[in-house]
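Working notes for the structure below.
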Amino acid sequence: AARQQSSDTGGWDGIPQFGGAGNIPVTGNKEGVLARDTAGTMFWYGVRTTGQLGSRSQVGDTGGWAGANVTHLSSMNTDGSSDLAQIYQGNLYIESNKIGAGWGVYNALVGPGDLSGDGKGDLLARDGSGYLYLYQGNGAGTAVASRIKVGSGWGTYNKILGAGDYTGDGRTDIVARTSGGDLYLYAGTGVAATPFKARVKIGTGWNTYSKIVAPGDLNADGKGDLLGVTSGGDLYRYLNIAPGKFTARVNIGHGYQVYNAMS
């Protein structure tokens, strides 16, 4: 039949996918970027499904996030929206839920999505000795299971991140950058005890970026994409062309040097 326009003209710009579309399902459930400026004010940039970020909106009070140890996670509950984690006085909070104590030992926290294959968002945490641990989420964002040691040697990376699928197999993956700028892909297995396959080097020169961000799916093709921000504030986009490859970078913004943290 001939197409008919919905009454909600232009209102679907931020919707990544529709049920029954027959395409690769969205995994990761992270749909934008959080950015904190040097004054401690947090801003939100949603994705527009066109490979661009939307206009920013302020999150919370002006200066209210100064000094906070926060991480932007893929969804840890059933609402499909990304969540905010904070470690405060050694306690981990996801949104308003206190998860537990003793989290001050970790220097990196990552919420890439479902790593265990149970359909619930999980956490990765790295300690000062370079050990990486997996915490399975309960699907409600209110608790995590006992940690599972993923492996050692993860201290070689100055950034570990992920939000969704980078290989096109429907499983959650992560990427990690060394101080020398090499970028490695760890493809997910969907098995909690051994959540990643052997690493694969997918790029060099990523130390040109002061920040790299996993925003989720920028162009509504079901695959996770990446962003890089130079020290001068230029924002570059890398769209995923699975398996495990990305397009050449495209400049999609300027002025991002005002932020001291983006995730």
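Going by the structure tokens order, chains are called A, B, ..., each with residues numbered from 1, while ligands are numbered from 1 in the order shown.
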DSSP on the backbone, then: every residue of stretch 91-259 of chain A marked strand (DSSP E), written as a ChimeraX atom specification.
-> /A:91-94,97-100,106-113,122-127,132-136,148-151,157-161,174-178,183-186,200-203,209-216,225-230,235-238,250-253,259
Helix (DSSP H, G or I) positions in stretch 88-237 of chain A, given as a PyMOL selection string = chain A and resi 103-105+154-156+206-208
Please, could you write that set of residues out with N, CA and C atoms as a CSV table (one decimal), in the first residue's frame?
chain,number,residue,atom,x,y,z
A,103,TRP,N,33.5,0.1,46.6
A,103,TRP,CA,33.8,0.3,45.2
A,103,TRP,C,34.9,1.4,45.0
A,104,GLY,N,35.4,2.0,46.0
A,104,GLY,CA,36.5,2.9,45.9
A,104,GLY,C,37.8,2.3,45.4
A,105,VAL,N,37.9,1.0,45.4
A,105,VAL,CA,39.1,0.3,45.0
A,105,VAL,C,39.2,0.3,43.4
A,154,TRP,N,44.8,-5.4,32.6
A,154,TRP,CA,43.9,-4.4,32.0
A,154,TRP,C,44.4,-2.9,32.4
A,155,GLY,N,45.4,-2.9,33.2
A,155,GLY,CA,46.0,-1.6,33.6
A,155,GLY,C,46.8,-0.9,32.4
A,156,THR,N,47.0,-1.7,31.4
A,156,THR,CA,47.7,-1.2,30.2
A,156,THR,C,46.9,-0.2,29.4
A,206,TRP,N,44.9,6.7,18.3
A,206,TRP,CA,43.7,7.2,19.1
A,206,TRP,C,44.2,8.1,20.3
A,207,ASN,N,45.5,8.2,20.5
A,207,ASN,CA,45.9,9.1,21.6
A,207,ASN,C,45.9,10.5,21.1
A,208,THR,N,45.4,10.8,19.9
A,208,THR,CA,45.2,12.1,19.4
A,208,THR,C,44.0,12.8,20.1
Tell me which of A:Leu227, A:Met262, A:Leu123, A:Ala68 sits closest to A:Ala248, counting only C-alpha atoms.
-> A:Leu227
For A:Gly137: contacts at 7 Å, only C-alpha atoms, fewer than 4 positions along chain excluded, given as a ChimeraX atom specification | /A:76,120-122,141,143-145
For the residues in the current selection, export all heavy atoms as a PDB file, in the first residue's frame.
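The result, written out as again_14.pdb:
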ATOM      1  N   MET A  76      20.613  -0.213  32.981  1.00  0.00           N
ATOM      2  CA  MET A  76      20.711  -1.298  33.962  1.00  0.00           C
ATOM      3  C   MET A  76      19.342  -1.794  34.406  1.00  0.00           C
ATOM      4  O   MET A  76      19.245  -2.687  35.244  1.00  0.00           O
ATOM      5  CB  MET A  76      21.492  -0.808  35.184  1.00  0.00           C
ATOM      6  CG  MET A  76      22.948  -0.451  34.906  1.00  0.00           C
ATOM      7  SD  MET A  76      23.958  -1.881  34.441  1.00  0.00           S
ATOM      8  CE  MET A  76      24.002  -2.770  36.004  1.00  0.00           C
ATOM      9  N   LYS A 120      20.131  -8.676  30.752  1.00  0.00           N
ATOM     10  CA  LYS A 120      20.206  -7.632  31.770  1.00  0.00           C
ATOM     11  C   LYS A 120      21.547  -6.916  31.687  1.00  0.00           C
ATOM     12  O   LYS A 120      22.571  -7.533  31.411  1.00  0.00           O
ATOM     13  CB  LYS A 120      20.026  -8.244  33.168  1.00  0.00           C
ATOM     14  CG  LYS A 120      18.722  -9.003  33.332  1.00  0.00           C
ATOM     15  CD  LYS A 120      18.685  -9.784  34.639  1.00  0.00           C
ATOM     16  CE  LYS A 120      17.416 -10.623  34.742  1.00  0.00           C
ATOM     17  NZ  LYS A 120      17.398 -11.447  35.976  1.00  0.00           N
ATOM     18  N   GLY A 121      21.527  -5.612  31.942  1.00  0.00           N
ATOM     19  CA  GLY A 121      22.746  -4.830  31.873  1.00  0.00           C
ATOM     20  C   GLY A 121      23.740  -5.212  32.952  1.00  0.00           C
ATOM     21  O   GLY A 121      23.364  -5.488  34.097  1.00  0.00           O
ATOM     22  N   ASP A 122      25.022  -5.214  32.601  1.00  0.00           N
ATOM     23  CA  ASP A 122      26.091  -5.608  33.515  1.00  0.00           C
ATOM     24  C   ASP A 122      27.119  -4.488  33.658  1.00  0.00           C
ATOM     25  O   ASP A 122      27.123  -3.522  32.893  1.00  0.00           O
ATOM     26  CB  ASP A 122      26.787  -6.873  32.997  1.00  0.00           C
ATOM     27  CG  ASP A 122      25.820  -8.025  32.794  1.00  0.00           C
ATOM     28  OD1 ASP A 122      24.974  -8.246  33.676  1.00  0.00           O
ATOM     29  OD2 ASP A 122      25.914  -8.694  31.741  1.00  0.00           O
ATOM     30  N   GLY A 141      18.442  -2.451  38.171  1.00  0.00           N
ATOM     31  CA  GLY A 141      19.349  -1.375  38.558  1.00  0.00           C
ATOM     32  C   GLY A 141      19.459  -1.176  40.045  1.00  0.00           C
ATOM     33  O   GLY A 141      19.897  -0.114  40.506  1.00  0.00           O
ATOM     34  N   ALA A 143      20.772  -3.878  42.233  1.00  0.00           N
ATOM     35  CA  ALA A 143      21.753  -4.782  42.834  1.00  0.00           C
ATOM     36  C   ALA A 143      22.569  -5.443  41.732  1.00  0.00           C
ATOM     37  O   ALA A 143      22.151  -5.503  40.567  1.00  0.00           O
ATOM     38  CB  ALA A 143      21.071  -5.857  43.693  1.00  0.00           C
ATOM     39  N   VAL A 144      23.753  -5.948  42.108  1.00  0.00           N
ATOM     40  CA  VAL A 144      24.586  -6.728  41.202  1.00  0.00           C
ATOM     41  C   VAL A 144      25.009  -8.006  41.909  1.00  0.00           C
ATOM     42  O   VAL A 144      25.053  -8.075  43.143  1.00  0.00           O
ATOM     43  CB  VAL A 144      25.834  -5.943  40.744  1.00  0.00           C
ATOM     44  CG1 VAL A 144      25.432  -4.766  39.874  1.00  0.00           C
ATOM     45  CG2 VAL A 144      26.677  -5.486  41.929  1.00  0.00           C
ATOM     46  N   ALA A 145      25.324  -9.033  41.133  1.00  0.00           N
ATOM     47  CA  ALA A 145      25.780 -10.303  41.685  1.00  0.00           C
ATOM     48  C   ALA A 145      27.242 -10.198  42.102  1.00  0.00           C
ATOM     49  O   ALA A 145      27.924  -9.207  41.835  1.00  0.00           O
ATOM     50  CB  ALA A 145      25.594 -11.410  40.650  1.00  0.00           C
TER      51      ALA A 145
END
Can you pull out every residue within 10 Å of A:Asp217, counting only C-alpha atoms, but drop anything in the same chain fewer than 4 positions away, and send it as an mmCIF file with N, CA, C and O atoms, in the first residue's frame?
data_model
loop_
_atom_site.group_PDB
_atom_site.id
_atom_site.type_symbol
_atom_site.label_atom_id
_atom_site.label_comp_id
_atom_site.auth_asym_id
_atom_site.auth_seq_id
_atom_site.Cartn_x
_atom_site.Cartn_y
_atom_site.Cartn_z
ATOM 1 N N PRO A 16 15.591 5.160 17.794
ATOM 2 C CA PRO A 16 16.603 4.446 17.019
ATOM 3 C C PRO A 16 16.049 3.350 16.125
ATOM 4 O O PRO A 16 16.543 3.136 15.029
ATOM 5 N N VAL A 26 18.838 -3.242 18.596
ATOM 6 C CA VAL A 26 19.688 -2.382 19.406
ATOM 7 C C VAL A 26 20.142 -3.143 20.646
ATOM 8 O O VAL A 26 19.349 -3.778 21.326
ATOM 9 N N THR A 27 21.425 -3.114 20.934
ATOM 10 C CA THR A 27 21.938 -3.645 22.191
ATOM 11 C C THR A 27 22.734 -2.556 22.869
ATOM 12 O O THR A 27 23.368 -1.751 22.212
ATOM 13 N N GLY A 28 22.696 -2.534 24.167
ATOM 14 C CA GLY A 28 23.439 -1.527 24.904
ATOM 15 C C GLY A 28 22.538 -0.498 25.553
ATOM 16 O O GLY A 28 22.758 -0.088 26.684
ATOM 17 N N ASN A 29 21.498 -0.054 24.839
ATOM 18 C CA ASN A 29 20.529 0.890 25.399
ATOM 19 C C ASN A 29 21.196 2.123 26.004
ATOM 20 O O ASN A 29 20.921 2.521 27.122
ATOM 21 N N LYS A 30 22.090 2.696 25.260
ATOM 22 C CA LYS A 30 22.697 3.971 25.627
ATOM 23 C C LYS A 30 22.468 4.905 24.457
ATOM 24 O O LYS A 30 22.780 4.552 23.317
ATOM 25 N N GLU A 31 21.905 6.075 24.739
ATOM 26 C CA GLU A 31 21.398 6.873 23.633
ATOM 27 C C GLU A 31 21.837 8.329 23.703
ATOM 28 O O GLU A 31 21.074 9.244 23.439
ATOM 29 N N GLY A 32 23.105 8.529 24.043
ATOM 30 C CA GLY A 32 23.598 9.893 24.079
ATOM 31 C C GLY A 32 24.877 10.024 24.873
ATOM 32 O O GLY A 32 25.549 9.035 25.203
ATOM 33 N N VAL A 47 21.209 11.463 20.972
ATOM 34 C CA VAL A 47 21.534 11.147 19.581
ATOM 35 C C VAL A 47 20.300 11.381 18.721
ATOM 36 O O VAL A 47 19.172 11.258 19.181
ATOM 37 N N ARG A 48 20.532 11.714 17.455
ATOM 38 C CA ARG A 48 19.440 12.078 16.565
ATOM 39 C C ARG A 48 19.159 11.009 15.513
ATOM 40 O O ARG A 48 18.297 11.200 14.656
ATOM 41 N N THR A 49 19.887 9.899 15.542
ATOM 42 C CA THR A 49 19.774 8.793 14.588
ATOM 43 C C THR A 49 20.255 9.180 13.196
ATOM 44 O O THR A 49 20.113 8.408 12.258
ATOM 45 N N THR A 50 20.844 10.349 13.055
ATOM 46 C CA THR A 50 21.364 10.812 11.770
ATOM 47 C C THR A 50 22.888 10.893 11.784
ATOM 48 O O THR A 50 23.482 11.479 10.887
ATOM 49 N N GLY A 51 23.504 10.330 12.817
ATOM 50 C CA GLY A 51 24.951 10.424 12.956
ATOM 51 C C GLY A 51 25.403 11.685 13.645
ATOM 52 O O GLY A 51 26.598 11.971 13.694
ATOM 53 N N ALA A 163 29.276 0.458 24.386
ATOM 54 C CA ALA A 163 27.824 0.628 24.486
ATOM 55 C C ALA A 163 27.197 -0.081 23.309
ATOM 56 O O ALA A 163 26.963 0.500 22.260
ATOM 57 N N GLY A 164 27.002 -1.388 23.472
ATOM 58 C CA GLY A 164 26.343 -2.150 22.426
ATOM 59 C C GLY A 164 27.271 -3.050 21.640
ATOM 60 O O GLY A 164 28.319 -3.488 22.116
ATOM 61 N N ASP A 165 26.863 -3.304 20.410
ATOM 62 C CA ASP A 165 27.457 -4.322 19.555
ATOM 63 C C ASP A 165 28.346 -3.683 18.500
ATOM 64 O O ASP A 165 27.886 -2.852 17.721
ATOM 65 N N TYR A 166 29.626 -4.084 18.455
ATOM 66 C CA TYR A 166 30.558 -3.574 17.449
ATOM 67 C C TYR A 166 30.894 -4.609 16.375
ATOM 68 O O TYR A 166 31.625 -4.296 15.431
ATOM 69 N N ASP A 221 21.461 1.974 12.944
ATOM 70 C CA ASP A 221 21.670 0.746 12.183
ATOM 71 C C ASP A 221 21.863 -0.459 13.094
ATOM 72 O O ASP A 221 22.174 -1.553 12.622
ATOM 73 N N GLY A 222 21.692 -0.263 14.404
ATOM 74 C CA GLY A 222 21.782 -1.366 15.347
ATOM 75 C C GLY A 222 23.173 -1.661 15.851
ATOM 76 O O GLY A 222 23.352 -2.585 16.645
ATOM 77 N N LYS A 223 24.172 -0.876 15.419
ATOM 78 C CA LYS A 223 25.543 -1.112 15.838
ATOM 79 C C LYS A 223 26.069 0.092 16.601
ATOM 80 O O LYS A 223 25.736 1.234 16.292
ATOM 81 N N GLY A 224 26.935 -0.165 17.585
ATOM 82 C CA GLY A 224 27.488 0.897 18.400
ATOM 83 C C GLY A 224 28.544 1.689 17.652
ATOM 84 O O GLY A 224 29.323 1.138 16.858
ATOM 85 N N ASP A 225 28.595 2.975 17.905
ATOM 86 C CA ASP A 225 29.539 3.876 17.253
ATOM 87 C C ASP A 225 30.459 4.510 18.292
ATOM 88 O O ASP A 225 30.275 4.324 19.495
ATOM 89 N N LEU A 226 31.445 5.287 17.837
ATOM 90 C CA LEU A 226 32.405 5.918 18.729
ATOM 91 C C LEU A 226 32.557 7.402 18.394
ATOM 92 O O LEU A 226 32.344 7.815 17.255
ATOM 93 N N LEU A 239 31.504 5.793 12.635
ATOM 94 C CA LEU A 239 30.356 4.908 12.531
ATOM 95 C C LEU A 239 30.829 3.478 12.341
ATOM 96 O O LEU A 239 31.779 3.210 11.597
ATOM 97 N N ASN A 240 30.144 2.552 12.987
ATOM 98 C CA ASN A 240 30.530 1.148 12.924
ATOM 99 C C ASN A 240 30.064 0.520 11.612
ATOM 100 O O ASN A 240 28.920 0.691 11.204
#
Selected residue, from A:Leu34, A:Leu53, A:Ala198, A:Leu73, that lies nearest to A:Leu218 when counting only C-alpha atoms = A:Leu53
Between A:Thr78, A:Asn138, A:Asn107, A:Ser146, which has the minimum distance to A:Gly90 (counting only C-alpha atoms)?
-> A:Asn107
Tell me which protein, DNA and RNA residues are within 10 Å of A:Ala39, counting only C-alpha atoms, leaving out same-chain ones fewer than 5 positions away, and put them as a PyMOL selection string.
-> chain A and resi 62-67+258-260
Per residue of stretch 73-114 of chain A within 8 Å of stretch 171-193 of chain A, note the shortest atom pair and the distance in Å to one decimal, counting only C-alpha atoms, and order the rows by chain and increasing residue number, as JSON lines.
{"residue": "A:Pro112", "atom": "CA", "partner": "A:Thr172", "partner_atom": "CA", "distance": 6.8}
{"residue": "A:Gly113", "atom": "CA", "partner": "A:Thr172", "partner_atom": "CA", "distance": 6.1}
{"residue": "A:Asp114", "atom": "CA", "partner": "A:Thr172", "partner_atom": "CA", "distance": 6.0}
Dump of C-alpha atoms for the selected residues, as an mmCIF file, in the first residue's frame:
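Contents of selection-v9.cif, freshly written:
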data_model
loop_
_atom_site.group_PDB
_atom_site.id
_atom_site.type_symbol
_atom_site.label_atom_id
_atom_site.label_comp_id
_atom_site.auth_asym_id
_atom_site.auth_seq_id
_atom_site.Cartn_x
_atom_site.Cartn_y
_atom_site.Cartn_z
ATOM 1 C CA PRO A 112 28.496 -1.570 28.066
ATOM 2 C CA GLY A 113 25.242 -3.543 28.228
ATOM 3 C CA ASP A 114 24.480 -7.239 28.629
#
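You will find atom CA of A:Ile87 at 10.6 Å from atom CA of A:Ala108.
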In terms of only C-alpha atoms, the residue from A:Leu115, A:Leu134, A:Ala242, A:Val33 at minimal distance from A:Asp83 is A:Val33
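Separating atom CA of A:Val59 from atom CA of A:Asn219 is a distance of 24.1 Å.
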Which one is closest to A:Asp169: A:Tyr133, A:Asp127, A:Gly153, A:Gly244? Count only C-alpha atoms.
-> A:Gly244
